[in-house]
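Just structure00.tsv here, TSV, C-alpha atoms:
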chain	number	residue	atom	x	y	z
A	13	MET	CA	-49.47	47.17	-0.99
A	14	ALA	CA	-50.79	44.04	-2.69
A	15	GLU	CA	-53.11	41.86	-0.60
A	16	ILE	CA	-51.87	38.34	0.11
A	17	VAL	CA	-54.55	35.82	-0.88
A	18	PRO	CA	-54.13	32.39	0.77
A	19	ASN	CA	-53.38	29.55	-1.64
A	20	THR	CA	-56.42	27.34	-1.11
A	21	PHE	CA	-56.57	26.13	-4.71
A	22	PRO	CA	-55.98	22.40	-3.88
A	23	SER	CA	-59.11	22.35	-1.69
A	24	LEU	CA	-61.09	24.07	-4.44
A	25	PHE	CA	-59.88	21.43	-6.91
A	26	TRP	CA	-60.86	18.54	-4.62
A	27	GLY	CA	-64.20	20.14	-3.74
A	28	TYR	CA	-65.31	20.44	-7.34
A	29	SER	CA	-63.80	17.05	-8.26
A	30	VAL	CA	-65.97	15.36	-5.63
A	31	ILE	CA	-69.08	17.25	-6.81
A	32	TRP	CA	-68.60	16.20	-10.45
A	33	LEU	CA	-67.58	12.66	-9.57
A	34	ILE	CA	-70.74	12.06	-7.52
A	35	LEU	CA	-72.96	13.60	-10.22
A	36	ALA	CA	-71.23	11.73	-13.07
A	37	VAL	CA	-71.51	8.35	-11.31
A	38	TYR	CA	-75.19	8.95	-10.49
A	39	ILE	CA	-76.11	10.12	-14.02
A	40	PHE	CA	-74.21	7.17	-15.54
A	41	THR	CA	-76.03	4.73	-13.23
A	42	LEU	CA	-79.44	6.25	-14.06
A	43	GLY	CA	-78.70	6.14	-17.81
A	44	ARG	CA	-77.70	2.48	-17.63
A	45	ARG	CA	-80.81	1.54	-15.64
A	46	VAL	CA	-83.11	3.37	-18.08
A	47	SER	CA	-81.55	1.79	-21.18
A	48	ARG	CA	-81.60	-1.70	-19.59
A	49	LEU	CA	-85.30	-1.37	-18.71
A	50	GLU	CA	-86.18	0.09	-22.14
A	51	ASN	CA	-84.35	-2.75	-23.87
A	52	LYS	CA	-86.21	-5.25	-21.67
A	53	GLY	CA	-89.51	-3.59	-22.64
A	54	ASP	CA	-88.67	-3.74	-26.36
A	55	GLU	CA	-87.94	-7.50	-26.24
B	26	MET	CA	-94.47	8.30	-26.50
B	27	LYS	CA	-90.88	7.20	-26.11
B	28	SER	CA	-89.65	9.85	-28.58
B	29	ALA	CA	-91.69	12.56	-26.77
B	30	PHE	CA	-89.92	11.56	-23.53
B	31	SER	CA	-86.55	11.63	-25.29
B	32	LYS	CA	-87.22	15.10	-26.73
B	33	ALA	CA	-88.24	16.48	-23.34
B	34	TYR	CA	-85.15	14.95	-21.71
B	35	GLN	CA	-82.90	16.34	-24.44
B	36	THR	CA	-84.35	19.84	-24.00
B	37	VAL	CA	-83.94	19.84	-20.21
B	38	PHE	CA	-80.52	18.18	-20.54
B	39	THR	CA	-79.33	20.86	-23.01
B	40	ALA	CA	-80.72	23.64	-20.80
B	41	SER	CA	-78.98	22.25	-17.71
B	42	VAL	CA	-75.65	21.76	-19.55
B	43	ILE	CA	-75.79	25.37	-20.83
B	44	GLY	CA	-76.83	26.62	-17.36
B	45	ILE	CA	-74.05	24.75	-15.54
B	46	SER	CA	-71.42	25.79	-18.14
B	47	TYR	CA	-72.42	29.45	-17.81
B	48	ALA	CA	-72.51	29.21	-14.00
B	49	LEU	CA	-68.99	27.71	-13.99
B	50	TYR	CA	-67.72	30.39	-16.38
B	51	PHE	CA	-69.24	33.06	-14.13
B	52	ILE	CA	-67.92	31.54	-10.89
B	53	PHE	CA	-64.35	30.97	-12.08
B	54	LEU	CA	-63.80	33.86	-14.50
B	55	VAL	CA	-66.13	36.71	-13.47
B	56	VAL	CA	-66.61	36.57	-9.68
B	57	PRO	CA	-63.58	37.99	-7.80
B	58	ASN	CA	-61.58	36.08	-5.19
B	59	GLU	CA	-62.94	36.30	-1.68
B	60	ARG	CA	-60.54	38.35	0.46
B	61	LEU	CA	-59.96	36.06	3.46
B	62	MET	CA	-60.43	32.53	2.17
B	63	GLY	CA	-59.02	32.86	-1.33
B	64	PRO	CA	-60.01	30.51	-4.19
B	65	VAL	CA	-61.61	27.84	-1.98
B	66	GLN	CA	-64.54	30.19	-1.32
B	67	ARG	CA	-65.71	29.36	-4.87
B	68	ILE	CA	-66.95	26.00	-3.50
B	69	PHE	CA	-69.65	28.13	-1.85
B	70	TYR	CA	-71.64	28.51	-5.11
B	71	PHE	CA	-72.19	24.81	-5.76
B	72	HIS	CA	-72.24	23.97	-2.03
B	73	VAL	CA	-75.15	26.34	-1.35
B	74	GLY	CA	-76.73	25.51	-4.73
B	75	SER	CA	-76.71	21.79	-3.85
B	76	ALA	CA	-78.20	22.51	-0.41
B	77	ILE	CA	-81.08	24.57	-1.87
B	78	THR	CA	-81.62	21.91	-4.55
B	79	CYS	CA	-81.75	19.28	-1.81
B	80	TYR	CA	-84.41	21.30	0.06
B	81	CYS	CA	-86.48	21.48	-3.16
B	82	ALA	CA	-86.20	17.70	-3.57
B	83	VAL	CA	-87.41	17.20	0.02
B	84	ALA	CA	-90.32	19.55	-0.74
B	85	VAL	CA	-91.21	17.29	-3.70
B	86	VAL	CA	-91.02	14.23	-1.39
B	87	PHE	CA	-93.35	16.03	1.05
B	88	ILE	CA	-95.93	16.99	-1.61
B	89	ALA	CA	-95.77	13.60	-3.35
B	90	GLY	CA	-96.18	11.91	0.06
B	91	LEU	CA	-99.35	13.90	0.79
B	92	TRP	CA	-100.59	13.15	-2.73
B	93	TYR	CA	-99.97	9.41	-2.20
B	94	LEU	CA	-101.73	9.30	1.17
B	95	ALA	CA	-104.72	11.16	-0.30
B	96	SER	CA	-105.04	9.10	-3.48
B	97	THR	CA	-102.71	6.03	-3.28
B	98	SER	CA	-101.53	7.06	-6.72
B	99	LYS	CA	-98.65	4.93	-8.01
B	100	LEU	CA	-97.21	7.96	-9.82
B	101	ALA	CA	-97.05	9.90	-6.53
B	102	ASP	CA	-95.13	7.02	-4.95
B	103	ILE	CA	-92.69	6.90	-7.88
B	104	ILE	CA	-92.10	10.69	-7.79
B	105	SER	CA	-91.61	10.60	-4.00
B	106	GLU	CA	-88.99	7.83	-4.25
B	107	SER	CA	-87.23	9.57	-7.17
B	108	ALA	CA	-87.07	12.94	-5.41
B	109	ALA	CA	-85.75	11.30	-2.22
B	110	GLU	CA	-82.96	9.56	-4.16
B	111	VAL	CA	-81.96	12.75	-6.02
B	112	GLY	CA	-82.24	14.75	-2.79
B	113	PHE	CA	-79.90	12.27	-1.09
B	114	VAL	CA	-77.33	12.77	-3.88
B	115	PHE	CA	-77.44	16.58	-3.50
B	116	CYS	CA	-77.44	16.30	0.31
B	117	SER	CA	-74.26	14.16	0.09
B	118	ILE	CA	-72.65	16.68	-2.28
B	119	THR	CA	-73.45	19.50	0.16
B	120	LEU	CA	-72.01	17.60	3.12
B	121	ILE	CA	-68.79	16.50	1.40
B	122	SER	CA	-68.09	19.82	-0.37
B	123	GLY	CA	-68.83	21.62	2.92
B	124	MET	CA	-66.36	19.41	4.77
B	125	ILE	CA	-63.62	20.09	2.20
B	126	TRP	CA	-64.36	23.83	2.30
B	127	GLY	CA	-64.52	23.82	6.12
B	128	HIS	CA	-61.22	21.98	6.42
B	129	SER	CA	-59.50	24.59	4.27
B	130	ALA	CA	-61.20	27.72	5.60
B	131	TRP	CA	-61.85	26.83	9.26
B	132	ASN	CA	-59.29	24.05	9.78
B	133	THR	CA	-61.96	21.53	10.76
B	134	TRP	CA	-63.89	18.86	8.82
B	135	PHE	CA	-66.95	19.04	11.05
B	136	ARG	CA	-68.19	20.88	14.11
B	137	TRP	CA	-71.04	19.95	16.41
B	138	GLU	CA	-72.96	23.14	15.75
B	139	PRO	CA	-76.73	23.34	14.99
B	140	ARG	CA	-76.48	23.93	11.22
B	141	LEU	CA	-74.06	21.08	10.56
B	142	VAL	CA	-75.75	18.62	12.93
B	143	SER	CA	-79.26	19.32	11.60
B	144	PHE	CA	-78.03	18.94	8.01
B	145	LEU	CA	-76.40	15.62	8.93
B	146	LEU	CA	-79.73	14.53	10.43
B	147	LEU	CA	-81.47	15.45	7.15
B	148	TRP	CA	-78.95	13.23	5.33
B	149	PHE	CA	-79.81	10.36	7.74
B	150	VAL	CA	-83.54	10.91	7.17
B	151	LEU	CA	-83.05	10.60	3.39
B	152	LEU	CA	-80.78	7.58	3.87
B	153	SER	CA	-83.40	5.87	6.07
B	154	PHE	CA	-86.07	6.67	3.45
B	155	LEU	CA	-84.01	4.90	0.77
B	156	LEU	CA	-83.22	1.95	3.05
B	157	LEU	CA	-86.92	1.63	3.89
B	158	ARG	CA	-87.72	1.55	0.15
B	159	LYS	CA	-85.11	-1.15	-0.39
B	160	PHE	CA	-85.72	-3.43	2.60
B	161	GLY	CA	-89.21	-2.48	3.88
B	162	ASP	CA	-92.33	-4.63	3.64
B	163	GLN	CA	-93.08	-4.25	-0.09
B	164	GLU	CA	-96.86	-4.28	0.41
B	165	ARG	CA	-96.82	-1.31	2.79
B	166	VAL	CA	-93.60	0.42	1.83
B	167	ALA	CA	-95.33	3.13	-0.21
B	168	SER	CA	-97.48	4.38	2.68
B	169	HIS	CA	-94.67	3.97	5.24
B	170	SER	CA	-92.21	5.94	3.11
B	171	ALA	CA	-94.85	8.61	2.36
B	172	VAL	CA	-95.28	9.16	6.12
B	173	LEU	CA	-91.50	9.20	6.65
B	174	GLY	CA	-91.12	11.71	3.80
B	175	ILE	CA	-93.79	14.01	5.25
B	176	VAL	CA	-92.42	13.85	8.81
B	177	GLY	CA	-88.80	14.03	7.62
B	178	ALA	CA	-89.49	17.22	5.66
B	179	ILE	CA	-89.68	19.03	9.01
B	180	MET	CA	-85.87	18.83	8.97
B	181	VAL	CA	-85.65	21.47	6.21
B	182	PRO	CA	-86.98	24.44	8.25
B	183	ILE	CA	-84.95	23.15	11.20
B	184	VAL	CA	-81.76	23.28	9.08
B	185	VAL	CA	-82.62	26.69	7.59
B	186	PHE	CA	-83.41	28.32	10.96
B	187	SER	CA	-80.91	26.31	13.03
B	188	VAL	CA	-78.45	29.22	13.20
B	189	LYS	CA	-81.07	31.23	15.11
B	190	PHE	CA	-82.16	28.50	17.55
B	191	LEU	CA	-79.08	28.60	19.75
B	192	PRO	CA	-77.59	32.09	19.44
B	193	GLY	CA	-75.34	31.49	22.47
B	194	ILE	CA	-73.31	28.86	20.63
B	195	PRO	CA	-70.55	30.28	18.42
B	196	GLN	CA	-71.24	29.14	14.83
B	197	LEU	CA	-69.17	29.31	11.69
B	198	HIS	CA	-71.96	29.79	9.14
B	199	PRO	CA	-73.46	33.15	10.20
B	200	VAL	CA	-69.99	34.63	10.84
B	201	VAL	CA	-69.01	33.93	7.25
B	202	VAL	CA	-72.19	35.34	5.79
B	203	GLU	CA	-72.27	38.46	7.96
B	204	ASN	CA	-68.61	39.43	7.85
B	205	ASN	CA	-67.25	38.38	4.50
B	206	GLY	CA	-69.84	36.91	2.21
B	207	LEU	CA	-72.12	38.31	-0.46
B	208	LYS	CA	-71.16	41.98	-0.12
B	209	ASP	CA	-70.10	42.07	-3.76
B	210	PRO	CA	-73.25	41.70	-5.93
B	211	LEU	CA	-71.30	39.31	-8.19
B	212	PHE	CA	-71.23	36.80	-5.29
B	213	LYS	CA	-75.03	36.80	-5.18
B	214	GLN	CA	-75.36	36.56	-8.95
B	215	GLY	CA	-72.97	33.58	-8.99
B	216	MET	CA	-74.95	31.89	-6.25
B	217	TRP	CA	-78.33	32.28	-7.96
B	218	LEU	CA	-76.89	31.17	-11.30
B	219	SER	CA	-75.62	27.99	-9.63
B	220	VAL	CA	-78.95	27.43	-7.89
B	221	GLY	CA	-80.81	27.81	-11.22
B	222	ALA	CA	-78.46	25.47	-13.09
B	223	LEU	CA	-78.55	22.80	-10.37
B	224	PHE	CA	-82.34	23.12	-10.15
B	225	LEU	CA	-82.60	22.29	-13.86
B	226	LEU	CA	-80.26	19.34	-13.38
B	227	GLN	CA	-82.37	18.16	-10.46
B	228	ALA	CA	-85.56	18.34	-12.55
B	229	LEU	CA	-83.83	16.23	-15.20
B	230	LEU	CA	-82.62	13.66	-12.66
B	231	ILE	CA	-86.00	13.36	-10.91
B	232	SER	CA	-87.79	12.85	-14.23
B	233	LEU	CA	-85.17	10.33	-15.38
B	234	ARG	CA	-85.44	8.44	-12.08
B	235	SER	CA	-89.26	8.56	-12.30
B	236	ARG	CA	-89.01	7.04	-15.78
B	237	ILE	CA	-87.15	4.09	-14.22
B	238	GLY	CA	-89.97	3.71	-11.68
B	239	ILE	CA	-92.60	3.78	-14.44
B	240	LEU	CA	-90.70	1.22	-16.54
B	241	GLN	CA	-90.34	-1.06	-13.49
B	242	GLN	CA	-94.11	-1.01	-12.97
B	243	ARG	CA	-94.76	-2.39	-16.46

So, in terms of C-alpha cells, how does the structure I just supplied come out?
Amino acid sequence: MAEIVPNTFPSLFWGYSVIWLILAVYIFTLGRRVSRLENKGDE
Amino acid sequence: MKSAFSKAYQTVFTASVIGISYALYFIFLVVPNERLMGPVQRIFYFHVGSAITCYCAVAVVFIAGLWYLASTSKLADIISESAAEVGFVFCSITLISGMIWGHSAWNTWFRWEPRLVSFLLLWFVLLSFLLLRKFGDQERVASHSAVLGIVGAIMVPIVVFSVKFLPGIPQLHPVVVENNGLKDPLFKQGMWLSVGALFLLQALLISLRSRIGILQQR
C-alpha cells in the first residue's frame, strides 16, 4: 500500500520564499551602500 | 587594494553561489521526503543552517568584543558590528522559517517552550545591539556594544541546551529529532551541506559589511 504524504508544499514554498527575499534585500542593500561609499571615496 | 578586495569577494561569492546551488539541488532532488511532515520538512535544512550560522556570527561578535576591550582596535569594533548585523539577519530567517514550518507541521506559529523563547531572546539581544549602535552615545558606543555582545553571547549555549533545562515541559524540537529526523544519512548530509553553504555566505556578508565600516571611517 502506498504511503500518503501530506501536501505541505505551499508552506515549503513560502518558507523558502521568505528566506531568499530577506537575503536578497540584505545583499542588495549592502551592495548599494558599498558602491555609494566607494563612489564618494573616488570623488 | 580595491581590486584585491574585489577578487577576494568574487572568489567567496562564487564559492557561496556554487555551495548554495549544490545544497538546493541536494535538498530538493536527492534527499527523500520525510514520512510524517511531507515536503515542508525540507525547510529544516536552511532553518537549522541559518540557526548555526547565526550562532557563528554571535561567536564573532563575542571574540571581536573581547578584542576591542583589550585593544580598542577600530577594526575589532567594525567586525563586531558587522557580525551582529549579519547574525540578526540569519536569526530573523531562522525565526520566520521556523514559524512557517511550525504552522504547517505542528499547527502553531509559536509555542512558549524553552527553545523558542530563548531563541526569541537571542533575536532581541541582537536587535538591542543594533539599536544601541544606531542611537547610543557615539563616543562610548563601541565599548558599550562590545560589553553587550560579550554578555549577549551567553544566549547561544542557553538556546542550544534549552531543551535539556526543563525536561518536564513537553517540547516540539526534541520529539522531532528523536522520532523522525535524521535517521536517513541523506538528511544529515543535506543539513551539513546547507550549513557549509550558508557559512560561506555569512563570511561574504560579514566581510562586505566590514568594508562598509572601513569606508565610513575614511

Go through chain B residue by residue and, counting all atoms listed in the file, keep those with an atom at most 8 Å from chain A; for each kept residue give the shortest atom pair and its distance in Å to one decimal, ordered by chain and increasing number, as a Markdown table.
| residue | atom | partner | partner_atom | distance |
| --- | --- | --- | --- | --- |
| B:Arg60 | CA | A:Val17 | CA | 6.6 |
| B:Leu61 | CA | A:Val17 | CA | 6.9 |
| B:Met62 | CA | A:Pro18 | CA | 6.5 |
| B:Gly63 | CA | A:Pro18 | CA | 5.3 |
| B:Pro64 | CA | A:Phe21 | CA | 5.6 |
| B:Val65 | CA | A:Leu24 | CA | 4.5 |
| B:Gln66 | CA | A:Leu24 | CA | 7.7 |
| B:Arg67 | CA | A:Leu24 | CA | 7.0 |
| B:Ile68 | CA | A:Leu24 | CA | 6.2 |
| B:Val114 | CA | A:Ile34 | CA | 7.6 |
| B:Ile118 | CA | A:Ile31 | CA | 5.8 |
| B:Ile121 | CA | A:Val30 | CA | 7.7 |
| B:Ser122 | CA | A:Gly27 | CA | 5.2 |
| B:Ile125 | CA | A:Gly27 | CA | 6.0 |
| B:Trp126 | CA | A:Ser23 | CA | 6.8 |
| B:Ser129 | CA | A:Ser23 | CA | 6.4 |
| B:Leu230 | CA | A:Ile39 | CA | 7.5 |
| B:Leu233 | CA | A:Leu42 | CA | 7.2 |
| B:Arg234 | CA | A:Leu42 | CA | 6.7 |
| B:Arg236 | CA | A:Val46 | CA | 7.3 |
| B:Ile237 | CA | A:Val46 | CA | 5.6 |
| B:Leu240 | CA | A:Leu49 | CA | 6.4 |
| B:Gln241 | CA | A:Leu49 | CA | 7.3 |

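Reported to one decimal place, the separation of atom CA of B:Phe113 from atom CA of B:Gly161 is 18.1 Å.
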
Within 10 Å of (-90.5, 17.0, 4.9), all atoms listed in the file: residues as a PDB file with C-alpha atoms, in the coordinates of the input?
ATOM      1  CA  TYR B  80     -84.410  21.300   0.060  1.00  0.00           C
ATOM      2  CA  ALA B  82     -86.200  17.700  -3.570  1.00  0.00           C
ATOM      3  CA  VAL B  83     -87.410  17.200   0.020  1.00  0.00           C
ATOM      4  CA  ALA B  84     -90.320  19.550  -0.740  1.00  0.00           C
ATOM      5  CA  VAL B  85     -91.210  17.290  -3.700  1.00  0.00           C
ATOM      6  CA  VAL B  86     -91.020  14.230  -1.390  1.00  0.00           C
ATOM      7  CA  PHE B  87     -93.350  16.030   1.050  1.00  0.00           C
ATOM      8  CA  ILE B  88     -95.930  16.990  -1.610  1.00  0.00           C
ATOM      9  CA  GLY B  90     -96.180  11.910   0.060  1.00  0.00           C
ATOM     10  CA  LEU B 147     -81.470  15.450   7.150  1.00  0.00           C
ATOM     11  CA  VAL B 150     -83.540  10.910   7.170  1.00  0.00           C
ATOM     12  CA  LEU B 151     -83.050  10.600   3.390  1.00  0.00           C
ATOM     13  CA  ALA B 171     -94.850   8.610   2.360  1.00  0.00           C
ATOM     14  CA  VAL B 172     -95.280   9.160   6.120  1.00  0.00           C
ATOM     15  CA  LEU B 173     -91.500   9.200   6.650  1.00  0.00           C
ATOM     16  CA  GLY B 174     -91.120  11.710   3.800  1.00  0.00           C
ATOM     17  CA  ILE B 175     -93.790  14.010   5.250  1.00  0.00           C
ATOM     18  CA  VAL B 176     -92.420  13.850   8.810  1.00  0.00           C
ATOM     19  CA  GLY B 177     -88.800  14.030   7.620  1.00  0.00           C
ATOM     20  CA  ALA B 178     -89.490  17.220   5.660  1.00  0.00           C
ATOM     21  CA  ILE B 179     -89.680  19.030   9.010  1.00  0.00           C
ATOM     22  CA  MET B 180     -85.870  18.830   8.970  1.00  0.00           C
ATOM     23  CA  VAL B 181     -85.650  21.470   6.210  1.00  0.00           C
ATOM     24  CA  PRO B 182     -86.980  24.440   8.250  1.00  0.00           C
TER      25      PRO B 182
END

Do a neighbour search on B:Ser235 at 10 Å with all atoms listed in the file, toss out local chain neighbours closer than 2 positions, and write the hits as an mmCIF file with C-alpha atoms, in the coordinates of the input.
data_model
loop_
_atom_site.group_PDB
_atom_site.id
_atom_site.type_symbol
_atom_site.label_atom_id
_atom_site.label_comp_id
_atom_site.auth_asym_id
_atom_site.auth_seq_id
_atom_site.Cartn_x
_atom_site.Cartn_y
_atom_site.Cartn_z
ATOM 1 C CA VAL A 46 -83.110 3.370 -18.080
ATOM 2 C CA LEU B 100 -97.210 7.960 -9.820
ATOM 3 C CA ALA B 101 -97.050 9.900 -6.530
ATOM 4 C CA ASP B 102 -95.130 7.020 -4.950
ATOM 5 C CA ILE B 103 -92.690 6.900 -7.880
ATOM 6 C CA ILE B 104 -92.100 10.690 -7.790
ATOM 7 C CA SER B 105 -91.610 10.600 -4.000
ATOM 8 C CA GLU B 106 -88.990 7.830 -4.250
ATOM 9 C CA SER B 107 -87.230 9.570 -7.170
ATOM 10 C CA ALA B 108 -87.070 12.940 -5.410
ATOM 11 C CA LEU B 229 -83.830 16.230 -15.200
ATOM 12 C CA LEU B 230 -82.620 13.660 -12.660
ATOM 13 C CA ILE B 231 -86.000 13.360 -10.910
ATOM 14 C CA SER B 232 -87.790 12.850 -14.230
ATOM 15 C CA LEU B 233 -85.170 10.330 -15.380
ATOM 16 C CA ILE B 237 -87.150 4.090 -14.220
ATOM 17 C CA GLY B 238 -89.970 3.710 -11.680
ATOM 18 C CA ILE B 239 -92.600 3.780 -14.440
ATOM 19 C CA LEU B 240 -90.700 1.220 -16.540
ATOM 20 C CA GLN B 241 -90.340 -1.060 -13.490
#

Legend entry - Distance in Å - atom CA of B:Val184 versus atom CA of B:Val166: 26.7 Å

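Excluding B:Glu138 itself and any same-chain residue fewer than 6 positions from it, the protein and nucleic acid residues within 12 Å of it, counting all atoms listed in the file, are Phe144, Leu145, Val184, Ser187, Val188, Lys189, Phe190, Leu191, Pro192, Gly193, Ile194, Pro195, Gln196, Leu197, His198 and Pro199 of chain B.
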
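We find atom CA of B:Leu146 and atom CA of B:Thr119 to be spaced 13.0 Å apart.
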